[in-house]
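Peer 1: The following block contains the structure, expressed as structure tokens.
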There are 2 protein chains.
Amino acid sequence: VPGWNSVAIFGVGLIGGSIGLALRQRSLCPSVVGIGRDMRRLEAALERGAITRATTDVGQAVGDADVVVVCTPVRRVANHVLLVAAASRPDTLITDVGSTKLRIVAEIESCLPADRLFVGSHPLAGSDKSGVEFASSRLFQDRTVVITPTDRSGPEAVRRITEFWSALDAVPVTMPPESHDRALAQTSHLPHIVAAALAAGTPPEFLHLVASGWLDTTRVAAADGDLWTQILLENRENMLAAIRGYEGQLTGFARALESGDAEALQQLLNAGKQRRDAVGS
Amino acid sequence: VPGWNSVAIFGVGLIGGSIGLALRQRSLCPSVVGIGRDMRRLEAALERGAITRATTDVGQAVGDADVVVVCTPVRRVANHVLLVAAASRPDTLITDVGSTKLRIVAEIESCLPADRLFVGSHPLAGSDKSGVEFASSRLFQDRTVVITPTDRSGPEAVRRITEFWSALDAVPVTMPPESHDRALAQTSHLPHIVAAALAAGTPPEFLHLVASGWLDTTRVAAADGDLWTQILLENRENMLAAIRGYEGQLTGFARALESGDAEALQQLLNAGKQRRDAVGS
């Protein structure tokens with residue numbers, strides 16, 4: 001079993017808090033330092049046991065960290081990684097958990113000194129909830145974590161980041177940042193638009209008639225609007241392609257309904273069912 | 001507490017089976033007769049305790065029924081209600097549980113003798129599962145059941161159907177069939193198209209990267225394709241209007257992304273969040 005003397009978490013919300021809880025409850029690390037702007041919110045993380053020390057001073061927090069995980073909103077990730085790199089040891093492994101990777105990783109790598117160890121990550125966990133109060137030591141259990149090395153990432157850094165996520169019982173998968181962003185546009189980002197559009201288009205006077213179908217289909221519309229605005233804009237080109245593809249699917253449904261074509265309609269529904277059944281609950 | 005000597009259920013799947021279980025486990029009815037075409041499937045309902053007697057003969061089943069609930073697929077509901085009416089007593093209350101109401105109720109009322117008691121129902125329960133093996137005596141607990149009387153429905157029939165669903169712990173709501181179909185197009189039927197389009201448009205090679213957002217948003221795509229083809233075609237005009245409205249919402253997202261307008265994007269996401277948060281989990 002691997003272990004670390006000190007891990008620093010920059011941004012202790014749902015994901016950062018869950019990393020801290022997972023490290024602490026598995027006794028993988030005696031010192032988990034939480035970094036943030038708001039001392040009161042860090043104190044909530046301390047009380048939950050997600051971190052063992054809280055600070056608003058990045059330099060003070062990361063000086064002796066073996067691993068630093070940047071869990072701040074995607075708009076700030078690159079700056080925060082560079083701040084951490086400037087204050088940490090050369091052998092400190094730095095990663096982030098941003099939901100988009102291409103621009104973030106490119107921006108970081110264009111500024112990062114060659115001797116620093118950074119590899120991007122994206123744990124596929126969490127969805128409509130945010131805040132350390134929803135954190136869980138089991139959030140990553142059996143969940144895929146995408147690790148996005150580039151030509152500049154050394155094999156040692158990739159090995160260490162894989163080991164880190166494996167220790168939290170996640171399932172690491174490796175792919176280039178651009179492949180990540182193209183796939184996640186469809187599997188994670190598009191659902192937020194699909195759900196928000198359905199929820200927003202439902203007249204308030206119909207809301208007492210919703211049941212599990214509407215509730216499931218719109219669930220991620222409850223996610224934080226500011227965070228998701230950042231993610232969608234970061235992945236703008238892929239999102240536009242994903243929306244166009246999705247509109248094409250909808251057009252198929254509309255045409256089948258217009259012409260009263262039961263066979264075509266059932267084929268479209270069955271194509272969705274087949275894809276959905278392939279995944280499980 | 002009300003009670004019935006005999007209730008007949010025509011079509012003992014998820015909904016019919018749950019009605020039977022709810023009646024039996026609340027000791028509301030000593031005799032619950034299941035009617036179907038396939039004796040083997042009826043025997044599964046008998047084994048589950050959802051019915052006390054099984055038959056493929058409608059006439060034999062409904063002769064002494066106080067209430068008959070027709071739970072067959074929407075394409076067959078009107079015919080089955082008329083079959084039941086021909087074989088039952090004038091004071092037998094007949095209802096159905098079809099997901100659409102306007103055409104079904106109109107077809108039934110255009111043929112039904114004036115002295116017969118029929119009022120349409122639609123319990124807002126169940127979604128992607130079907131079959132008596134998923135039936136539950138608590139399926140209707142605190143769930144809305146829409147009751148759709150017309151000018152031809154007597155107040156006594158409406159009172160009796162309201163009492164029936166209340167006894168199963170459902171929450172009856174009354175509205176005209178056309179209002180039901182317009183509202184449910186948005187709150188129940190559109191989610192099936194939205195979910196199926198998202199699932200069908202996700203390339204198989206991306207399926208290992210889905211997480212809770214995609215899983216929630218596509219869940220109802222697993223529903224039975226044949227049943228939903230019938231429902232969508234029955235509610236065709238309302239569905240086309242709902243899809244057009246939904247496409248308008250999507251266009252708003254695409255425009256905000258194209259122009260990189262963070263404020264507009266966040267407003268669209270927040271509109272969805274506000275509507276979703278108004279309902280609860």
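Identifiers for the structure tokens are assigned positionally: chains receive A, B, ... in sequence, residues are indexed from 1 per chain, and ligands are indexed from 1 in the order shown.
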For the alpha helix (DSSP H) assignment from backbone DSSP, which residues of region 87-239 of chain B qualify? Please present them as a PyMOL selection string.
Peer 2: chain B and resi 87+102-111+155-167+177-184+190-200+212-218+225-234+236-239
Peer 1: Can you work out which one of A:Ile35, A:Ala197, A:Ala256, A:Leu227 has the shortest atom-to-atom distance to chain B, counting only C-alpha atoms?
Peer 2: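 Ranked by minimum distance to chain B, first place goes to A:Ala197.
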Peer 1: Rank B:Arg37, B:Arg160, B:His192, B:His122 by their smallest atom-to-atom distance to chain A, using only C-alpha atoms, and report the top residue only.
Peer 2: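 Checking each candidate against chain A, we get B:His192 as the closest.
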Peer 1: Go ahead and compute the interatomic distance for CA of Cys111 (chain B) and CA of Asp181 (chain B), in Å to one decimal.
Peer 2: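 Between CA of Cys111 (chain B) and CA of Asp181 (chain B) the gap is 21.2 Å.
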Peer 1: Find the residues near Leu215 (chain B): any atom within 12 Å, counting only C-alpha atoms, skip ones fewer than 4 places away on the same chain, and give them as a PyMOL selection string.
Peer 2: (chain A and resi 124-125+127+187-188+191-192+195+216-220+275-281) or (chain B and resi 195-196+198-199+202+207-211+219-222)
Peer 1: I'd like the neighbourhood of Asn79 (chain B) as a ChimeraX atom specification, where a residue qualifies if any of its atoms comes within 12 Å (using only C-alpha atoms), though same-chain residues fewer than 4 positions away should be ignored.
Peer 2: /B:10,70-75,83-86,96,104-105,107-112
Peer 1: Residues within 7 Å of Thr52 (chain B), please, as a list of chain:residue names. Count only C-alpha atoms; anything in the same chain fewer than 3 positions from it doesn't count.
Peer 2: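 Residues near the query, excluding close chain neighbours: B:Ser31, B:Val32, B:Val33, B:Leu46, B:Gly49.
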Peer 1: As a count of residues only, please: the residues near region 133-150 of chain B (cut-off 7 Å, only C-alpha atoms, same-chain neighbours under 6 positions excluded).
Peer 2: 26
Peer 1: Would you mind telling me which residue in B:Gly34, B:Gly272, B:Gly131, B:Pro204 lies nearest to Ala50 (chain B) when using only C-alpha atoms?
Peer 2: B:Gly34
Peer 1: For Trp228 (chain A), work out the shell of residues within 8 Å, counting only C-alpha atoms and skipping chain neighbours fewer than 4 positions away, then give it as a PDB file with N, CA and C atoms, in the first residue's frame.
Peer 2:
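Written file, result-v4.pdb:
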ATOM      1  N   ALA A 223     -27.134  21.445 -10.854  1.00  0.00           N
ATOM      2  CA  ALA A 223     -25.715  21.728 -10.612  1.00  0.00           C
ATOM      3  C   ALA A 223     -25.442  23.234 -10.628  1.00  0.00           C
ATOM      4  N   ASP A 224     -24.299  23.612 -10.122  1.00  0.00           N
ATOM      5  CA  ASP A 224     -23.939  25.030  -9.995  1.00  0.00           C
ATOM      6  C   ASP A 224     -23.795  25.696 -11.374  1.00  0.00           C
ATOM      7  N   LEU A 232     -18.532  24.582 -19.840  1.00  0.00           N
ATOM      8  CA  LEU A 232     -19.079  24.559 -21.208  1.00  0.00           C
ATOM      9  C   LEU A 232     -18.292  25.500 -22.118  1.00  0.00           C
TER      10      LEU A 232
ATOM     11  N   GLN B 266     -24.962  31.353 -18.455  1.00  0.00           N
ATOM     12  CA  GLN B 266     -25.292  31.139 -17.050  1.00  0.00           C
ATOM     13  C   GLN B 266     -26.769  31.396 -16.782  1.00  0.00           C
ATOM     14  N   LEU B 269     -28.563  28.235 -17.826  1.00  0.00           N
ATOM     15  CA  LEU B 269     -28.359  27.178 -16.833  1.00  0.00           C
ATOM     16  C   LEU B 269     -29.134  27.468 -15.554  1.00  0.00           C
TER      17      LEU B 269
END
Peer 1: With distances taken over only C-alpha atoms, which residue among A:Arg53, A:Arg244, A:Ser259, A:Gly225 lies nearest chain B?
Peer 2: A:Gly225
